[in-house]
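Below is one structure, written out as structure tokens, with a few remarks after it.
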Amino acid sequence: MISVENLSKQYGATTVVDGVSMVIERNSITVIVGTSGSGKSTLLRMINRLIEPTRGRVLIDGNDTTGEPAHLLRRRIGYVIQGHGLFPHRTVAENIATVPRLLGWDEARIRARVEELLAVFQLDQGAYAGAFPHQLSGGQQQRVGVARALAAEPAVLLMDEPFGALDPIIRAKAQDDLLDIQRRFGTTIVLVTHDMDEAFRLGDHVAVMSHGRLLQYDRPAVLLTHPADPFVSRMTGVSDRAMRLLSLTTAGEAALPGVSDGPAVAASASLREVLSELLWRGAESAAVMDADGTRRGYLTIAAILERGRPG
Amino acid sequence: MSTRTALTVPRLRRLDPLGALLAAAGAVAAVFLPFVVLKSNRIVPGDPRALLEVLPAWGALGCQVILICAALAALRVSNPRVRLGAALLGVVAVALAVAAAGDALTPAGNKVVRVSPGAGFWVLLVCLGLMATDATTRMRPGPGLRVLLLAVSIAVAGLALAHGTFDHLSVMREYAVNADRFAREARQHVWLALGSLAAAVLVALPTGILCHRVPRLRSGVLGTLNVIQTIPAIALFGILMAPLGALAAAVPLAAALGIRGIGAAPAAVALFLYSLLPIAANTVAGLKRVPRAAVEAARGMGMTSWQILTGIELILALPVILTGIRIVLVQNIGMVTVAALIGGGGLGTFVFQGIGQTAIDLVLLGAIPIVTLAFSAAVVLDALAEVLDRARQ
Amino acid sequence: MPGVAAILRFAALALLLAFLLMPQSFAPLFAPLTQYGAPPIYDQGNLLTLALAHLGLVCCAAAASTIVAVGLGIVVTRPSGAQFLPLSRTLVNIGQTFPPVAVLAVTVPLVGFGEKPTLIALFAYGLLPIFENTIVALQTCPPQVLEAASGMGMSARQRLLSVELPLALPLILEGIRLSLVINIGTATIGSTVAAKGLGEVIIAGLLSNNNAFILQGGLVTGLMAILLYDALAGLERRICRTAHLE
């Protein structure tokens, strides 16, 4: 658990982050979203003390982060930035091994960890362990960047616009991978983005920032249904908020008991996707199936529409 | 009360670190190092004299006050204009002090006694010069102002020299003896540097354009020119002497034109060869920098290849080409010095004669104008390149 | 193309070694350049010894300038030395307008004749290219890479040693190469102040009007400079390739 208490950062007379307090739950993904200059990156960088706060403090599992030298703190916190920042003069394996080496792990343990991460990130060991960053595609470089940040098994992973440099298709894949990774390692992830779709897709909680202030911090559905501020509703998008709301619930969660002779949809699909599918096929209802092929229940257009309304 | 101390204490500590270094070095130089060296003739070892013992009382006081003000400005003032002013005032004070020391220590009518600036003078001058340079850098002067500053400094120094302010100093004694030769060698120096530059521009510019148009030629041509650059000047002079000597012996016309194995001809040819690479390489780099879109648009509008080259590409590449010319000119001014070794003349004559006779004054008579020439050329051409570059954006 | 370069390189090296080891066998080639039965091959000293002394002088000076210039370059690019950076750059620019010969000439009166003034002048002039390249290299390290290094918990020292300096290495090596090549030439002029080196051969030729001496001094120095330049450029390419810095 990360507690941010009344955190502020000033540069001379300008206040970049203004009295932000929030509690980030363990084993969850929290997305901080805002326009450029909103102070979101500064807030993130104060958590691992790349920037020292002017006021306030950060506690990780109850311990004040100023209790140890900043570089030692950072070795326990994963950090991923836009454009990956891989060391061009080191191989993929050496890049991934950076923090374990800093921490003085023995070679066998480092090798095992690198192999494990290469496998997790679908990078063939023979082809990529000895490769240099410039020999990889953009998507592969980004994956190595995340693998490197996770190498020392950090409990917390900070990500600053990690997918900003990727094209839309690779970005979607990277986002799916991140959700898998989070489930697999149980890492607490704090991610900064300016992309609301990305925030809704990834975030268990979303924090909206503007001009250094935290405007609202809640579950995505609450941001849509009960925006605390006109800026929040502008950010979340007024025109398609019903569809956004539908995209937050999966077919599995909304399925009604019973059977349908309509088309089959996956339980992991969002209600938005199911609705689109039904409209396209001209069907009234769909059968919800689990990944292993067992029936979970059914959904009708009327039941989906019911979920697209606030309250 | 307590807030007041809190405010003043950090202020006291906030001494400028560079200023502190310079002030300390300057103070040590002023107190412990000889300001001038008095020699009973040109060659014998000298007799060191401190700043305070060589000046009349009021002069010493004035000089001290100005130097202390400059030191205080270096330590505590952050406004670069004030720092520059203080540093320049300090330079003037030190220069006048050394001139006055020359006048005071030379018995009337004596032409044998030598008064040379000592280590103390040079260290003070370097400290004040660094302070002025630092202040100028912080002011970020535009190209016009830089050239103006240079022109004013040279004019002031020139007026002082013409007025005879420094006539009793040893360097000027050497000048008085060599005045005729000095003018001739200086002309020769400039002529060699500029002449070889002009010839190199005529050859290297088309070569650069050709290399840009025909990429296959590029690595071969630039590589060859690069190899020439690698050969040490004196070696190239030496290598060229043999063929030019043979040419002069075989072709009477060449000899009549002044081409000989020894003298200015091998120097001019060598300087010309050295000048080719920077100009050609910068022409290629400048042309490469021209946005493709501009060239495409010009072609789309029906401009001919020649019109595109002269009307668009060369104009846009000019600042980079000019940078190449600046490199060459500064390099040539320095390298002409070596030409003196093979009888090519130039200000290097004094440098090498001075080395031969262990007469530092003669060395300085050659070296100071060379450095001034090179520095002025760099400032003026840099300013020109910057003006052109700005005009493009 | 690379084949031709390799042959030229080998030929140049073979020629240089042959001439330094068996200079007398080249006598018939140089004889036409001499007059009145002057010796066609330099006879006032061993050419190999002179060449080695020349190279030794240049390498000593370059080693000293490298240590000082890289050290200073690191200092002025750290936050604590940042305020010296603009001045350093200006000084480098001004320093480049000083001809190496002038530096040499001004050093003599300070320390006397011999190897010392030459070493000092070579050291002083050799600082510039290395210092400038070190500053440029350290300042142009990709900011994301530096951010990542800090973000992963490297201390300032670890970041410098294992990220910044390796990334800056090619450019620093280039500076060392430029400074070595300038210094081979300047060291030749060092012979005018009685430093032992190949300049002796050329100066002896100039004094006795012996074109053969001038030419062989020039050729040996030129060949040495070119071979050294080429070898260092090759070394740089190799380091860049193994480190994959393009």
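Convention: chains lettered A, B, ... in structure tokens order; per-chain residue numbering from 1; ligands numbered from 1 as shown.
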Within 12 Å of Thr242 (chain C) using only C-alpha atoms, minus same-chain residues under 4 positions, as a ChimeraX atom specification: /A:88-91,130-132 /C:166,170,235-238,246
Compute the chain B side of the contact with chain C at 9 Å, counting only C-alpha atoms, and hand it back as a ChimeraX atom specification. /B:17-18,130,133-135,137-138,227-228,230-242,261,330-331,333-335,337-338,341-342,348,351-352,354-356,358-360,363-364,366-368,370-375,377-378
C-alpha atoms of the current selection, written as a compact mmCIF listing (two decimals), in the first residue's frame:
```
# COMPACT_ATOMS: atom_id res chain seq x y z
CA PRO B 17 32.91 30.04 -6.93
CA LEU B 18 34.63 31.03 -10.17
CA LEU B 130 38.72 34.81 -17.68
CA THR B 133 35.10 35.97 -20.86
CA ASP B 134 32.81 34.45 -18.24
CA ALA B 135 30.78 37.67 -18.01
CA THR B 137 29.41 34.29 -22.00
CA ARG B 138 26.72 34.90 -19.40
CA VAL B 227 44.47 11.69 -45.20
CA ILE B 228 46.09 14.95 -46.35
CA THR B 230 46.54 14.00 -41.12
CA ILE B 231 50.02 14.75 -42.45
CA PRO B 232 51.84 17.15 -40.11
CA ALA B 233 52.38 20.61 -41.60
CA ILE B 234 56.16 20.53 -41.48
CA ALA B 235 56.17 17.08 -43.09
CA LEU B 236 53.89 18.21 -45.92
CA PHE B 237 56.03 21.31 -46.45
CA GLY B 238 59.04 19.04 -46.63
CA ILE B 239 57.38 16.57 -48.98
CA LEU B 240 56.28 19.39 -51.32
CA MET B 241 59.70 20.99 -51.45
CA ALA B 242 61.21 18.27 -53.59
CA GLY B 261 61.46 24.33 -53.63
CA VAL B 330 41.81 30.02 -38.25
CA GLN B 331 43.80 26.88 -39.06
CA ILE B 333 46.62 31.63 -39.76
CA GLY B 334 48.15 29.23 -37.26
CA MET B 335 49.84 27.05 -39.83
CA THR B 337 53.64 30.24 -38.69
CA VAL B 338 55.36 26.97 -39.56
CA LEU B 341 60.81 27.25 -41.15
CA ILE B 342 61.05 26.66 -44.91
CA GLY B 348 56.45 32.81 -37.71
CA VAL B 351 58.71 33.18 -33.47
CA PHE B 352 61.45 30.87 -34.75
CA GLY B 354 63.11 34.22 -31.06
CA ILE B 355 63.30 30.54 -30.19
CA GLY B 356 66.72 30.38 -31.83
CA THR B 358 66.15 32.50 -26.62
CA ALA B 359 64.58 35.92 -26.93
CA ILE B 360 61.04 35.61 -25.61
CA VAL B 363 58.71 35.19 -29.84
CA LEU B 364 55.91 37.33 -28.42
CA GLY B 366 55.34 37.08 -33.60
CA ALA B 367 52.94 35.10 -31.42
CA ILE B 368 50.69 37.89 -30.08
CA ILE B 370 49.14 35.62 -34.79
CA VAL B 371 46.79 34.80 -31.92
CA THR B 372 45.01 38.16 -32.30
CA LEU B 373 44.55 37.56 -36.03
CA ALA B 374 43.23 34.02 -35.52
CA PHE B 375 40.91 35.07 -32.70
CA ALA B 377 38.96 35.88 -37.73
CA ALA B 378 37.07 33.35 -35.59
```
Fewer than 6 positions away in the same chain doesn't count, so skip those; otherwise give me all residues within 7 Å of region 146-154 of chain A, counting only C-alpha atoms, as number ranges by chain. A: 76-80, 95-97, 99-100, 113, 117
Create the file for the chosen residues now, containing N, CA and C atoms and written as a CSV table (one decimal), in the first residue's frame.
```csv
chain,number,residue,atom,x,y,z
A,76,ARG,N,14.1,-0.9,-5.2
A,76,ARG,CA,13.0,-1.8,-4.8
A,76,ARG,C,11.7,-1.4,-5.5
A,77,ILE,N,11.8,-0.4,-6.4
A,77,ILE,CA,10.6,0.1,-7.1
A,77,ILE,C,10.9,0.0,-8.6
A,78,GLY,N,10.1,-0.7,-9.4
A,78,GLY,CA,10.3,-0.8,-10.8
A,78,GLY,C,9.9,0.5,-11.4
A,79,TYR,N,10.6,0.8,-12.6
A,79,TYR,CA,10.3,2.1,-13.2
A,79,TYR,C,10.4,2.0,-14.7
A,80,VAL,N,9.3,2.3,-15.4
A,80,VAL,CA,9.3,2.2,-16.9
A,80,VAL,C,8.9,3.6,-17.4
A,95,ASN,N,20.6,-5.8,-19.9
A,95,ASN,CA,19.7,-4.7,-19.5
A,95,ASN,C,18.7,-5.2,-18.4
A,96,ILE,N,18.2,-6.4,-18.6
A,96,ILE,CA,17.2,-7.0,-17.7
A,96,ILE,C,17.9,-7.2,-16.3
A,97,ALA,N,19.2,-7.6,-16.4
A,97,ALA,CA,19.9,-7.9,-15.2
A,97,ALA,C,20.4,-6.7,-14.4
A,99,VAL,N,19.2,-4.2,-12.3
A,99,VAL,CA,18.9,-4.0,-10.9
A,99,VAL,C,19.3,-5.2,-10.1
A,100,PRO,N,19.1,-6.5,-10.5
A,100,PRO,CA,19.6,-7.6,-9.7
A,100,PRO,C,21.1,-7.5,-9.5
A,113,ARG,N,16.4,-15.6,-13.4
A,113,ARG,CA,15.4,-14.6,-13.5
A,113,ARG,C,15.2,-14.0,-14.9
A,117,LEU,N,11.9,-14.1,-17.2
A,117,LEU,CA,11.3,-12.9,-17.7
A,117,LEU,C,11.2,-12.9,-19.2
```
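From CA of Gly164 (chain A) back to CA of Gly139 (chain A), the distance works out to 11.1 Å.
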Residues within 8 Å of Val123 (chain B), please, as JSON, numbers by chain. Count only C-alpha atoms; anything in the same chain fewer than 3 positions from it doesn't count. {"B": [25, 26, 29, 119, 120, 126, 127]}
Could you name the residues that touch Thr207 (chain B) at 10 Å or less, counting only C-alpha atoms, but leaving out those on the same chain fewer than 5 positions away, as a VMD selection string? chain B and resid 201 to 202 212 to 213 217 to 218 221 to 222 276 to 277 279 to 281 283 to 284
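Nearest-residue note for chain A: choosing from C:Leu85, C:Ala137, C:Leu48, C:Val163, the minimum distance belongs to C:Val163, counting only C-alpha atoms.
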Compute the set of chain C residues within 10 Å of chain A, using only C-alpha atoms, and express it as a CSV table (one decimal) with all heavy atoms, in the first residue's frame.
```
chain,number,residue,atom,x,y,z
C,142,PRO,N,21.5,10.1,-24.2
C,142,PRO,CA,20.0,10.2,-24.4
C,142,PRO,C,19.4,10.4,-23.0
C,142,PRO,O,19.7,9.6,-22.1
C,142,PRO,CB,19.6,8.8,-24.9
C,142,PRO,CG,20.8,8.3,-25.5
C,142,PRO,CD,22.0,8.9,-24.8
C,143,PRO,N,18.5,11.4,-22.8
C,143,PRO,CA,18.0,11.7,-21.5
C,143,PRO,C,17.1,10.5,-20.9
C,143,PRO,O,17.1,10.3,-19.7
C,143,PRO,CB,17.1,12.9,-21.7
C,143,PRO,CG,17.0,13.1,-23.2
C,143,PRO,CD,18.2,12.4,-23.8
C,144,GLN,N,16.4,9.8,-21.8
C,144,GLN,CA,15.6,8.6,-21.3
C,144,GLN,C,16.5,7.6,-20.6
C,144,GLN,O,16.2,7.0,-19.6
C,144,GLN,CB,14.8,7.9,-22.4
C,144,GLN,CG,13.9,8.8,-23.1
C,144,GLN,CD,14.4,9.2,-24.4
C,144,GLN,OE1,15.6,9.5,-24.6
C,144,GLN,NE2,13.6,9.2,-25.5
C,145,VAL,N,17.7,7.4,-21.3
C,145,VAL,CA,18.6,6.4,-20.7
C,145,VAL,C,19.1,6.8,-19.3
C,145,VAL,O,19.1,6.0,-18.4
C,145,VAL,CB,19.8,6.1,-21.7
C,145,VAL,CG1,20.8,5.3,-21.1
C,145,VAL,CG2,19.3,5.5,-23.0
C,146,LEU,N,19.4,8.1,-19.2
C,146,LEU,CA,19.9,8.5,-17.9
C,146,LEU,C,18.8,8.5,-16.9
C,146,LEU,O,19.0,8.1,-15.7
C,146,LEU,CB,20.4,10.0,-18.0
C,146,LEU,CG,21.5,10.2,-19.0
C,146,LEU,CD1,22.0,11.6,-19.0
C,146,LEU,CD2,22.7,9.3,-18.6
C,147,GLU,N,17.5,8.8,-17.3
C,147,GLU,CA,16.4,8.8,-16.4
C,147,GLU,C,16.1,7.3,-16.0
C,147,GLU,O,15.9,7.1,-14.8
C,147,GLU,CB,15.2,9.3,-17.2
C,147,GLU,CG,13.9,8.9,-16.6
C,147,GLU,CD,13.1,10.1,-16.0
C,147,GLU,OE1,13.5,11.2,-16.3
C,147,GLU,OE2,12.1,9.8,-15.3
C,148,ALA,N,16.2,6.4,-16.9
C,148,ALA,CA,16.0,5.0,-16.6
C,148,ALA,C,17.1,4.6,-15.6
C,148,ALA,O,16.8,3.9,-14.6
C,148,ALA,CB,16.1,4.1,-17.8
C,149,ALA,N,18.4,5.0,-15.8
C,149,ALA,CA,19.4,4.6,-14.9
C,149,ALA,C,19.2,5.0,-13.5
C,149,ALA,O,19.3,4.3,-12.5
C,149,ALA,CB,20.8,5.1,-15.4
C,150,SER,N,18.8,6.3,-13.3
C,150,SER,CA,18.5,6.8,-12.0
C,150,SER,C,17.2,6.1,-11.4
C,150,SER,O,17.2,5.8,-10.3
C,150,SER,CB,18.2,8.3,-12.1
C,150,SER,OG,19.3,9.0,-12.5
C,151,GLY,N,16.2,6.0,-12.3
C,151,GLY,CA,15.0,5.4,-11.8
C,151,GLY,C,15.2,4.0,-11.3
C,151,GLY,O,14.4,3.5,-10.5
C,152,MET,N,16.2,3.3,-11.9
C,152,MET,CA,16.4,1.9,-11.4
C,152,MET,C,17.3,1.8,-10.2
C,152,MET,O,17.6,0.8,-9.6
C,152,MET,CB,17.1,1.1,-12.5
C,152,MET,CG,16.0,0.7,-13.5
C,152,MET,SD,16.7,-0.5,-14.7
C,152,MET,CE,18.0,0.5,-15.4
C,153,GLY,N,17.7,3.0,-9.7
C,153,GLY,CA,18.5,3.0,-8.4
C,153,GLY,C,20.0,3.0,-8.6
C,153,GLY,O,20.7,2.6,-7.6
C,154,MET,N,20.5,3.5,-9.7
C,154,MET,CA,21.9,3.6,-9.8
C,154,MET,C,22.3,4.9,-9.0
C,154,MET,O,21.7,5.9,-9.2
C,154,MET,CB,22.4,3.7,-11.2
C,154,MET,CG,22.3,2.4,-12.0
C,154,MET,SD,23.1,2.6,-13.6
C,154,MET,CE,22.9,1.0,-14.2
C,155,SER,N,23.4,4.8,-8.3
C,155,SER,CA,23.9,6.0,-7.7
C,155,SER,C,24.6,6.9,-8.8
C,155,SER,O,24.8,6.4,-9.9
C,155,SER,CB,24.9,5.7,-6.6
C,155,SER,OG,26.0,5.0,-7.2
C,156,ALA,N,24.8,8.1,-8.5
C,156,ALA,CA,25.4,9.0,-9.5
C,156,ALA,C,26.7,8.4,-10.0
C,156,ALA,O,27.0,8.5,-11.2
C,156,ALA,CB,25.7,10.4,-8.9
C,158,GLN,N,27.6,5.2,-10.1
C,158,GLN,CA,27.4,4.0,-10.9
C,158,GLN,C,26.9,4.4,-12.3
C,158,GLN,O,27.2,3.8,-13.3
C,158,GLN,CB,26.3,3.1,-10.2
C,158,GLN,CG,26.9,2.3,-9.1
C,158,GLN,CD,25.8,1.7,-8.2
C,158,GLN,OE1,24.7,2.3,-8.1
C,158,GLN,NE2,26.0,0.6,-7.6
C,162,SER,N,28.9,3.2,-15.4
C,162,SER,CA,28.4,2.1,-16.2
C,162,SER,C,27.5,2.5,-17.3
C,162,SER,O,27.1,1.7,-18.2
C,162,SER,CB,27.8,1.0,-15.3
C,162,SER,OG,26.7,1.6,-14.6
C,163,VAL,N,27.1,3.8,-17.3
C,163,VAL,CA,26.2,4.2,-18.4
C,163,VAL,C,26.8,5.4,-19.2
C,163,VAL,O,27.1,5.3,-20.4
C,163,VAL,CB,24.8,4.6,-17.9
C,163,VAL,CG1,23.9,5.1,-19.1
C,163,VAL,CG2,24.1,3.4,-17.2
C,164,GLU,N,27.1,6.5,-18.5
C,164,GLU,CA,27.5,7.7,-19.2
C,164,GLU,C,28.8,7.5,-19.9
C,164,GLU,O,29.0,7.8,-21.1
C,164,GLU,CB,27.5,8.9,-18.3
C,164,GLU,CG,26.2,9.3,-17.8
C,164,GLU,CD,26.2,10.5,-16.9
C,164,GLU,OE1,26.4,11.6,-17.3
C,164,GLU,OE2,26.1,10.2,-15.6
C,166,PRO,N,30.6,4.7,-20.8
C,166,PRO,CA,30.6,3.8,-21.9
C,166,PRO,C,29.9,4.4,-23.2
C,166,PRO,O,30.4,4.2,-24.3
C,166,PRO,CB,29.8,2.6,-21.4
C,166,PRO,CG,30.0,2.6,-19.9
C,166,PRO,CD,30.1,4.1,-19.6
C,167,LEU,N,28.8,5.1,-22.9
C,167,LEU,CA,28.1,5.7,-24.1
C,167,LEU,C,29.0,6.9,-24.7
C,167,LEU,O,28.9,7.1,-25.9
C,167,LEU,CB,26.8,6.3,-23.7
C,167,LEU,CG,25.7,5.2,-23.3
C,167,LEU,CD1,24.4,5.9,-22.9
C,167,LEU,CD2,25.4,4.4,-24.6
C,240,CYS,N,32.9,0.6,-31.0
C,240,CYS,CA,31.5,0.9,-31.3
C,240,CYS,C,30.7,-0.3,-31.7
C,240,CYS,O,29.5,-0.4,-31.4
C,240,CYS,CB,31.4,2.0,-32.4
C,240,CYS,SG,32.0,3.6,-31.9
C,241,ARG,N,31.3,-1.1,-32.5
C,241,ARG,CA,30.6,-2.3,-33.0
C,241,ARG,C,30.3,-3.2,-31.9
C,241,ARG,O,29.2,-3.7,-31.8
C,241,ARG,CB,31.3,-2.9,-34.2
C,241,ARG,CG,30.4,-3.6,-35.2
C,241,ARG,CD,31.2,-4.2,-36.4
C,241,ARG,NE,32.1,-3.2,-36.9
C,241,ARG,CZ,33.4,-3.5,-37.2
C,241,ARG,NH1,33.9,-4.7,-37.0
C,241,ARG,NH2,34.2,-2.6,-37.8
C,242,THR,N,31.3,-3.5,-31.1
C,242,THR,CA,31.0,-4.5,-30.0
C,242,THR,C,30.0,-3.9,-29.0
C,242,THR,O,29.3,-4.6,-28.4
C,242,THR,CB,32.3,-4.9,-29.3
C,242,THR,OG1,33.0,-3.7,-29.0
C,242,THR,CG2,33.1,-5.8,-30.1
C,243,ALA,N,30.1,-2.6,-28.9
C,243,ALA,CA,29.1,-2.0,-27.9
C,243,ALA,C,27.8,-1.6,-28.6
C,243,ALA,O,26.9,-1.1,-27.9
C,243,ALA,CB,29.8,-0.7,-27.3
C,244,HIS,N,27.7,-1.8,-29.9
C,244,HIS,CA,26.5,-1.5,-30.7
C,244,HIS,C,26.1,-0.1,-30.5
C,244,HIS,O,24.9,0.2,-30.2
C,244,HIS,CB,25.4,-2.5,-30.3
C,244,HIS,CG,25.7,-3.8,-30.9
C,244,HIS,ND1,25.1,-4.2,-32.1
C,244,HIS,CD2,26.5,-4.8,-30.6
C,244,HIS,CE1,25.6,-5.4,-32.4
C,244,HIS,NE2,26.5,-5.7,-31.5
C,245,LEU,N,27.0,0.9,-30.6
C,245,LEU,CA,26.6,2.3,-30.6
C,245,LEU,C,26.7,2.8,-32.0
C,245,LEU,O,27.8,2.8,-32.5
C,245,LEU,CB,27.6,3.0,-29.7
C,245,LEU,CG,27.6,2.5,-28.3
C,245,LEU,CD1,28.9,3.1,-27.6
C,245,LEU,CD2,26.4,3.0,-27.5
C,246,GLU,N,25.6,3.1,-32.6
C,246,GLU,CA,25.7,3.6,-34.0
C,246,GLU,C,25.4,5.1,-34.0
C,246,GLU,O,24.6,5.5,-33.3
C,246,GLU,CB,24.8,2.9,-34.9
C,246,GLU,CG,25.6,1.9,-35.8
C,246,GLU,CD,25.7,0.5,-35.2
C,246,GLU,OE1,24.7,0.0,-34.8
C,246,GLU,OE2,26.9,0.1,-35.0
```
Taking only C-alpha atoms into account, name the residue in A:Val31, A:Val92, A:Ile301, A:Leu256 that is nearest to Gly126 (chain A).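 Going through A:Val31, A:Val92, A:Ile301, A:Leu256 one by one, the smallest distance to Gly126 (chain A) is for A:Val92.
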Which distance in Å separates CA of Thr136 (chain B) and CA of Val94 (chain B), to one decimal?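 Computing the Euclidean distance for CA of Thr136 (chain B) and CA of Val94 (chain B) yields 19.7 Å.
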Would you mind reading off the distance between CA of Ala27 (chain B) and CA of Leu125 (chain B), one decimal, in Å? 11.9 Å
Using only C-alpha atoms, determine which residues lie at most 10 Å from Arg173 (chain B), disregarding the query and same-chain residues fewer than 3 positions distant; provide the list as an NGL selection string. :B and (42 or 111-115 or 166-170 or 176-179 or 361-362 or 365)
Identify, on the basis of only C-alpha atoms, every residue whose closest approach to region 297-314 of chain B does not exceed 12 Å; exclude the query and any residue fewer than 4 positions from it along the same chain; express the result as a ChimeraX atom specification. /B:205-206,208-210,212-213,282-293,318-322,392
Pick out each residue of region 96-222 of chain A that DSSP on the backbone tags as alpha helix (DSSP H); I need them as a PyMOL selection string. chain A and resi 96+98-102+107-120+125-128+138-150+168-185+196-202+220-222
